[in-house]
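Below is one structure, written out as structure tokens; the observations come after it.
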Amino acid sequence: MTRVAAIDCGTNSVRLLIADVEGDTLTDVEREMRIVRLGQGVDRTGRLAPEALDRTFTAMREYAGMIEAHGAEKVRVVATSATRDAENRADFVSGVVDIFGVVPEVITGDEEARLSFTGATRELAALRPARPYLVVDIGGGSTEFVLGASGVEAAVSMDIGCVRLTERHLKDADPPSPEQIAATITDIDAALATVRETVPVDEARTLVGLAGSVTTVAGIALDLPEYDSSRIHLSRIMAAQVHDVTRNLLHATRAERAAIGVMHPGRVDVIGAGSLIIDRIMREYGFGAVVVSEHDILDGIAWSLAG
């Protein structure tokens, strides 16, 4: 058995998984998330904002204490879209080294896709869903599209994410206007057309959706009074439910979104764009349902430390 610590630093959140890995079993010790909005303004300025770095490093210092307390033997820190895009990512790298003593890996979209696929599909066999899968990981800055049956066969990362699209089209929208929604859809649909050039999405038989936008939509569709990962994980949400939830979120005020029981406070401002991404994927690619996974790139990072 090996105790490992995986840190995923994305555009919207920084997450920690401390787990025991033994053979084909990964057992959670701690699983934490903090919304830090590292990607604040990156799409516009090309730089990580000082206050965003401060929020991120504060969360990471908390995580470092937990890693030490639990005695993790191996640590891997992975950073994705916002950090890839930032001119001053060296500031981020030096801060992470100070906190964890390891150099963060600013991974490519292809590596992000591979880790997401591994994390999402290791335990799907018990459900016996039809293969190949199209795994869709909707992040803050980018969305990864990965096709495969037992491994990655085709993958692409597109610069559509809930934070990026909110800042581009829906910022301060309460609720968004039809014109703002239409502009967001135009961006998403253009990206989905580009995906088809690399990933044969029509070959997929099961859509697997990852990350907070998808799990939040699932929690709302399931009418949960509060967020319950055990109910959400591996749930199957029908396209009609996704369409209804998305429409309601886009017509809701900020206060109405904040009052939803499953809504994390850090997702209130970006859930409209996030839900619209999964909604357009299902419409454009013709999926009647999505299997929702709570396990994603974070679990893939943990599995990568098992060897």
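Quick note on naming: the chains in the structure tokens go A, B, ... in the order shown, residues restart at 1 in each chain, and ligands are numbered from 1 in order of appearance.
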
Select from region 125-288 of chain A everything DSSP, run on the backbone, classes as alpha helix (DSSP H), then give the selection as an NGL selection string.
:A and (162-165 or 178-196 or 212-221 or 229-232 or 239-250 or 254-258 or 271-285)

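Within the 12 Å cut-off around Lys171 (chain A), using only C-alpha atoms and omitting residues fewer than 4 positions from it on the same chain, the listed residues are Gln40, Gly41, Cys162, Val163, Arg164, Leu165, Thr166, Glu167, Pro175, Pro176, Ser177, Gln180, Ile181, Thr184, Arg254, Val268, Asp269, Val270, Ile271, Gly272 and Ala273 of chain A.
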
Keeping only N, CA, C and O atoms, write the selected residues as a PDB file, in the first residue's frame.
ATOM      1  N   GLN A  40      -8.886  34.070 -12.507  1.00  0.00           N
ATOM      2  CA  GLN A  40      -9.516  35.394 -12.541  1.00  0.00           C
ATOM      3  C   GLN A  40      -8.783  36.329 -13.504  1.00  0.00           C
ATOM      4  O   GLN A  40      -7.618  36.660 -13.307  1.00  0.00           O
ATOM      5  N   GLY A  41      -9.474  36.735 -14.571  1.00  0.00           N
ATOM      6  CA  GLY A  41      -8.925  37.722 -15.498  1.00  0.00           C
ATOM      7  C   GLY A  41      -7.893  37.219 -16.487  1.00  0.00           C
ATOM      8  O   GLY A  41      -7.433  37.989 -17.341  1.00  0.00           O
ATOM      9  N   CYS A 162     -16.129  27.213 -17.675  1.00  0.00           N
ATOM     10  CA  CYS A 162     -17.183  28.008 -17.045  1.00  0.00           C
ATOM     11  C   CYS A 162     -16.695  29.396 -16.631  1.00  0.00           C
ATOM     12  O   CYS A 162     -17.440  30.379 -16.748  1.00  0.00           O
ATOM     13  N   VAL A 163     -15.452  29.514 -16.178  1.00  0.00           N
ATOM     14  CA  VAL A 163     -14.931  30.826 -15.802  1.00  0.00           C
ATOM     15  C   VAL A 163     -14.628  31.662 -17.042  1.00  0.00           C
ATOM     16  O   VAL A 163     -15.009  32.832 -17.147  1.00  0.00           O
ATOM     17  N   ARG A 164     -13.946  31.053 -18.006  1.00  0.00           N
ATOM     18  CA  ARG A 164     -13.566  31.785 -19.224  1.00  0.00           C
ATOM     19  C   ARG A 164     -14.797  32.336 -19.943  1.00  0.00           C
ATOM     20  O   ARG A 164     -14.831  33.506 -20.349  1.00  0.00           O
ATOM     21  N   LEU A 165     -15.828  31.506 -20.117  1.00  0.00           N
ATOM     22  CA  LEU A 165     -17.012  31.954 -20.842  1.00  0.00           C
ATOM     23  C   LEU A 165     -17.824  32.960 -20.037  1.00  0.00           C
ATOM     24  O   LEU A 165     -18.432  33.880 -20.611  1.00  0.00           O
ATOM     25  N   THR A 166     -17.841  32.801 -18.717  1.00  0.00           N
ATOM     26  CA  THR A 166     -18.540  33.786 -17.883  1.00  0.00           C
ATOM     27  C   THR A 166     -17.880  35.150 -18.000  1.00  0.00           C
ATOM     28  O   THR A 166     -18.550  36.174 -18.188  1.00  0.00           O
ATOM     29  N   GLU A 167     -16.554  35.173 -17.899  1.00  0.00           N
ATOM     30  CA  GLU A 167     -15.851  36.461 -17.999  1.00  0.00           C
ATOM     31  C   GLU A 167     -15.967  37.062 -19.391  1.00  0.00           C
ATOM     32  O   GLU A 167     -15.991  38.280 -19.548  1.00  0.00           O
ATOM     33  N   PRO A 175     -30.348  38.232 -14.545  1.00  0.00           N
ATOM     34  CA  PRO A 175     -29.762  37.087 -15.246  1.00  0.00           C
ATOM     35  C   PRO A 175     -29.226  37.516 -16.618  1.00  0.00           C
ATOM     36  O   PRO A 175     -29.394  38.668 -17.026  1.00  0.00           O
ATOM     37  N   PRO A 176     -28.591  36.587 -17.348  1.00  0.00           N
ATOM     38  CA  PRO A 176     -28.056  36.924 -18.671  1.00  0.00           C
ATOM     39  C   PRO A 176     -29.165  37.309 -19.643  1.00  0.00           C
ATOM     40  O   PRO A 176     -30.290  36.813 -19.561  1.00  0.00           O
ATOM     41  N   SER A 177     -28.826  38.171 -20.578  1.00  0.00           N
ATOM     42  CA  SER A 177     -29.772  38.537 -21.632  1.00  0.00           C
ATOM     43  C   SER A 177     -29.756  37.462 -22.717  1.00  0.00           C
ATOM     44  O   SER A 177     -28.798  36.683 -22.828  1.00  0.00           O
ATOM     45  N   GLN A 180     -26.545  37.696 -24.664  1.00  0.00           N
ATOM     46  CA  GLN A 180     -25.373  37.148 -23.984  1.00  0.00           C
ATOM     47  C   GLN A 180     -25.354  35.623 -24.068  1.00  0.00           C
ATOM     48  O   GLN A 180     -24.308  35.012 -24.306  1.00  0.00           O
ATOM     49  N   ILE A 181     -26.512  35.026 -23.871  1.00  0.00           N
ATOM     50  CA  ILE A 181     -26.609  33.565 -23.960  1.00  0.00           C
ATOM     51  C   ILE A 181     -26.276  33.109 -25.381  1.00  0.00           C
ATOM     52  O   ILE A 181     -25.541  32.133 -25.584  1.00  0.00           O
ATOM     53  N   THR A 184     -22.595  33.147 -26.019  1.00  0.00           N
ATOM     54  CA  THR A 184     -21.937  32.026 -25.342  1.00  0.00           C
ATOM     55  C   THR A 184     -22.129  30.739 -26.137  1.00  0.00           C
ATOM     56  O   THR A 184     -21.188  29.962 -26.330  1.00  0.00           O
ATOM     57  N   ARG A 254     -28.808  35.907  -9.547  1.00  0.00           N
ATOM     58  CA  ARG A 254     -27.719  35.412  -8.718  1.00  0.00           C
ATOM     59  C   ARG A 254     -28.243  34.924  -7.370  1.00  0.00           C
ATOM     60  O   ARG A 254     -27.827  33.876  -6.859  1.00  0.00           O
ATOM     61  N   VAL A 268     -21.683  29.884  -7.954  1.00  0.00           N
ATOM     62  CA  VAL A 268     -22.901  30.657  -8.243  1.00  0.00           C
ATOM     63  C   VAL A 268     -22.749  31.494  -9.503  1.00  0.00           C
ATOM     64  O   VAL A 268     -23.660  31.545 -10.342  1.00  0.00           O
ATOM     65  N   ASP A 269     -21.603  32.150  -9.659  1.00  0.00           N
ATOM     66  CA  ASP A 269     -21.417  33.069 -10.777  1.00  0.00           C
ATOM     67  C   ASP A 269     -21.095  32.377 -12.097  1.00  0.00           C
ATOM     68  O   ASP A 269     -21.247  32.987 -13.159  1.00  0.00           O
ATOM     69  N   VAL A 270     -20.632  31.123 -12.043  1.00  0.00           N
ATOM     70  CA  VAL A 270     -20.154  30.475 -13.271  1.00  0.00           C
ATOM     71  C   VAL A 270     -20.986  29.264 -13.688  1.00  0.00           C
ATOM     72  O   VAL A 270     -20.733  28.679 -14.737  1.00  0.00           O
ATOM     73  N   ILE A 271     -21.982  28.895 -12.890  1.00  0.00           N
ATOM     74  CA  ILE A 271     -22.732  27.672 -13.185  1.00  0.00           C
ATOM     75  C   ILE A 271     -23.568  27.811 -14.455  1.00  0.00           C
ATOM     76  O   ILE A 271     -23.804  26.822 -15.165  1.00  0.00           O
ATOM     77  N   GLY A 272     -24.006  29.023 -14.794  1.00  0.00           N
ATOM     78  CA  GLY A 272     -24.780  29.195 -16.024  1.00  0.00           C
ATOM     79  C   GLY A 272     -23.977  28.780 -17.244  1.00  0.00           C
ATOM     80  O   GLY A 272     -24.452  28.007 -18.083  1.00  0.00           O
ATOM     81  N   ALA A 273     -22.753  29.283 -17.339  1.00  0.00           N
ATOM     82  CA  ALA A 273     -21.890  28.909 -18.464  1.00  0.00           C
ATOM     83  C   ALA A 273     -21.539  27.433 -18.410  1.00  0.00           C
ATOM     84  O   ALA A 273     -21.522  26.748 -19.445  1.00  0.00           O
TER      85      ALA A 273
END

Set the distance at 9 Å and use only C-alpha atoms: which residues neighbour Leu26 (chain A) once local chain neighbours fewer than 6 positions away are removed? I'd like the list as a PyMOL selection string.
chain A and resi 19-20+299+302-303

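Among A:Thr80, A:Ser230, A:Thr2, A:Ser213, the residue with the shortest atom-to-atom distance to Ile277 (chain A), counting only C-alpha atoms, is A:Ser213.
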
Near-region 233-238 of chain A list (6 Å; only C-alpha atoms; drop same-chain fewer than 4 positions) as a PyMOL selection string:
chain A and resi 229+288-294

Write the selection just made, keeping N, CA and C atoms, as a compact mmCIF listing (two decimals), in the first residue's frame?
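Written file, again.txt:
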# COMPACT_ATOMS: atom_id res chain seq x y z
N SER A 229 -22.31 13.73 -2.61
CA SER A 229 -21.49 13.11 -3.66
C SER A 229 -21.84 11.64 -3.85
N GLY A 288 -28.45 11.08 -25.26
CA GLY A 288 -29.71 11.09 -24.52
C GLY A 288 -29.52 11.12 -23.02
N ALA A 289 -28.31 10.84 -22.56
CA ALA A 289 -28.05 10.82 -21.12
C ALA A 289 -26.56 11.02 -20.88
N VAL A 290 -26.21 11.40 -19.66
CA VAL A 290 -24.82 11.53 -19.25
C VAL A 290 -24.63 10.78 -17.94
N VAL A 291 -23.58 9.97 -17.87
CA VAL A 291 -23.18 9.34 -16.61
C VAL A 291 -22.25 10.31 -15.90
N VAL A 292 -22.58 10.64 -14.67
CA VAL A 292 -21.86 11.67 -13.93
C VAL A 292 -20.86 11.02 -12.99
N SER A 293 -19.61 11.43 -13.08
CA SER A 293 -18.57 10.86 -12.22
C SER A 293 -17.98 11.93 -11.32
N GLU A 294 -17.87 11.61 -10.04
CA GLU A 294 -17.18 12.48 -9.08
C GLU A 294 -15.67 12.27 -9.16

As a check of understanding: the span from CA of Thr253 (chain A) to CA of Ile188 (chain A) is 22.3 Å

Step one, run DSSP on the backbone; step two, keep only residues of region 62-231 of chain A assigned to strand (DSSP E); then write them as a ChimeraX atom specification.
/A:74-79,105-106,133-138,143-148,152-158,206-210

Given the selection you just returned, output its residues as a file containing N, CA and C atoms, formatted as a JSON list (two decimals), in the first residue's frame.
[["chain", "number", "residue", "atom", "x", "y", "z"],
["A", 74, "LYS", "N", 4.17, 10.15, -1.39],
["A", 74, "LYS", "CA", 4.42, 10.76, -2.70],
["A", 74, "LYS", "C", 3.42, 11.89, -2.91],
["A", 75, "VAL", "N", 3.92, 12.98, -3.50],
["A", 75, "VAL", "CA", 3.08, 14.15, -3.75],
["A", 75, "VAL", "C", 3.26, 14.58, -5.21],
["A", 76, "ARG", "N", 2.15, 14.86, -5.87],
["A", 76, "ARG", "CA", 2.21, 15.39, -7.24],
["A", 76, "ARG", "C", 1.25, 16.56, -7.34],
["A", 77, "VAL", "N", 1.74, 17.69, -7.82],
["A", 77, "VAL", "CA", 0.94, 18.89, -8.02],
["A", 77, "VAL", "C", 0.82, 19.15, -9.52],
["A", 78, "VAL", "N", -0.41, 19.21, -9.99],
["A", 78, "VAL", "CA", -0.67, 19.41, -11.42],
["A", 78, "VAL", "C", -1.47, 20.70, -11.58],
["A", 79, "ALA", "N", -1.07, 21.51, -12.53],
["A", 79, "ALA", "CA", -1.77, 22.75, -12.85],
["A", 79, "ALA", "C", -2.22, 22.70, -14.30],
["A", 105, "GLU", "N", 3.60, 20.56, -12.07],
["A", 105, "GLU", "CA", 3.65, 20.24, -13.49],
["A", 105, "GLU", "C", 2.54, 21.01, -14.21],
["A", 106, "VAL", "N", 2.92, 21.96, -15.03],
["A", 106, "VAL", "CA", 1.94, 22.66, -15.85],
["A", 106, "VAL", "C", 1.72, 21.80, -17.09],
["A", 133, "TYR", "N", -16.32, 5.31, -24.51],
["A", 133, "TYR", "CA", -16.81, 6.45, -23.75],
["A", 133, "TYR", "C", -16.34, 7.74, -24.41],
["A", 134, "LEU", "N", -17.15, 8.78, -24.28],
["A", 134, "LEU", "CA", -16.66, 10.14, -24.48],
["A", 134, "LEU", "C", -16.65, 10.79, -23.11],
["A", 135, "VAL", "N", -15.44, 11.00, -22.59],
["A", 135, "VAL", "CA", -15.28, 11.63, -21.28],
["A", 135, "VAL", "C", -15.10, 13.13, -21.50],
["A", 136, "VAL", "N", -15.95, 13.91, -20.84],
["A", 136, "VAL", "CA", -15.93, 15.36, -20.98],
["A", 136, "VAL", "C", -15.67, 15.97, -19.61],
["A", 137, "ASP", "N", -14.56, 16.68, -19.49],
["A", 137, "ASP", "CA", -14.15, 17.29, -18.22],
["A", 137, "ASP", "C", -14.26, 18.80, -18.38],
["A", 138, "ILE", "N", -15.31, 19.37, -17.79],
["A", 138, "ILE", "CA", -15.59, 20.81, -17.94],
["A", 138, "ILE", "C", -14.92, 21.57, -16.81],
["A", 143, "THR", "N", -12.15, 22.75, -21.55],
["A", 143, "THR", "CA", -12.90, 21.50, -21.46],
["A", 143, "THR", "C", -12.15, 20.46, -22.27],
["A", 144, "GLU", "N", -11.94, 19.29, -21.66],
["A", 144, "GLU", "CA", -11.25, 18.19, -22.33],
["A", 144, "GLU", "C", -12.26, 17.19, -22.86],
["A", 145, "PHE", "N", -12.02, 16.72, -24.07],
["A", 145, "PHE", "CA", -12.87, 15.72, -24.73],
["A", 145, "PHE", "C", -11.99, 14.51, -25.01],
["A", 146, "VAL", "N", -12.33, 13.36, -24.43],
["A", 146, "VAL", "CA", -11.49, 12.17, -24.55],
["A", 146, "VAL", "C", -12.35, 10.98, -24.96],
["A", 147, "LEU", "N", -11.98, 10.34, -26.05],
["A", 147, "LEU", "CA", -12.69, 9.15, -26.52],
["A", 147, "LEU", "C", -11.82, 7.93, -26.27],
["A", 148, "GLY", "N", -12.45, 6.87, -25.75],
["A", 148, "GLY", "CA", -11.70, 5.64, -25.57],
["A", 148, "GLY", "C", -12.56, 4.56, -24.96],
["A", 152, "VAL", "N", -7.04, 5.99, -23.84],
["A", 152, "VAL", "CA", -7.30, 7.15, -24.69],
["A", 152, "VAL", "C", -7.03, 6.82, -26.15],
["A", 153, "GLU", "N", -8.03, 7.00, -26.99],
["A", 153, "GLU", "CA", -7.88, 6.79, -28.43],
["A", 153, "GLU", "C", -7.80, 8.11, -29.19],
["A", 154, "ALA", "N", -8.46, 9.13, -28.67],
["A", 154, "ALA", "CA", -8.41, 10.47, -29.27],
["A", 154, "ALA", "C", -8.78, 11.47, -28.20],
["A", 155, "ALA", "N", -8.13, 12.63, -28.23],
["A", 155, "ALA", "CA", -8.40, 13.63, -27.21],
["A", 155, "ALA", "C", -8.08, 15.01, -27.73],
["A", 156, "VAL", "N", -8.79, 16.00, -27.19],
["A", 156, "VAL", "CA", -8.49, 17.39, -27.51],
["A", 156, "VAL", "C", -8.96, 18.25, -26.35],
["A", 157, "SER", "N", -8.24, 19.34, -26.11],
["A", 157, "SER", "CA", -8.59, 20.32, -25.09],
["A", 157, "SER", "C", -9.01, 21.61, -25.78],
["A", 158, "MET", "N", -10.18, 22.13, -25.40],
["A", 158, "MET", "CA", -10.68, 23.36, -26.01],
["A", 158, "MET", "C", -10.82, 24.45, -24.96],
["A", 206, "THR", "N", -21.31, 6.09, -24.75],
["A", 206, "THR", "CA", -21.65, 6.59, -23.42],
["A", 206, "THR", "C", -20.93, 7.90, -23.17],
["A", 207, "LEU", "N", -21.69, 8.91, -22.75],
["A", 207, "LEU", "CA", -21.11, 10.19, -22.37],
["A", 207, "LEU", "C", -20.87, 10.18, -20.86],
["A", 208, "VAL", "N", -19.63, 10.49, -20.46],
["A", 208, "VAL", "CA", -19.28, 10.57, -19.05],
["A", 208, "VAL", "C", -18.89, 12.01, -18.75],
["A", 209, "GLY", "N", -19.59, 12.64, -17.81],
["A", 209, "GLY", "CA", -19.36, 14.04, -17.50],
["A", 209, "GLY", "C", -18.66, 14.20, -16.16],
["A", 210, "LEU", "N", -17.63, 15.08, -16.15],
["A", 210, "LEU", "CA", -16.82, 15.29, -14.95],
["A", 210, "LEU", "C", -16.83, 16.74, -14.53]]
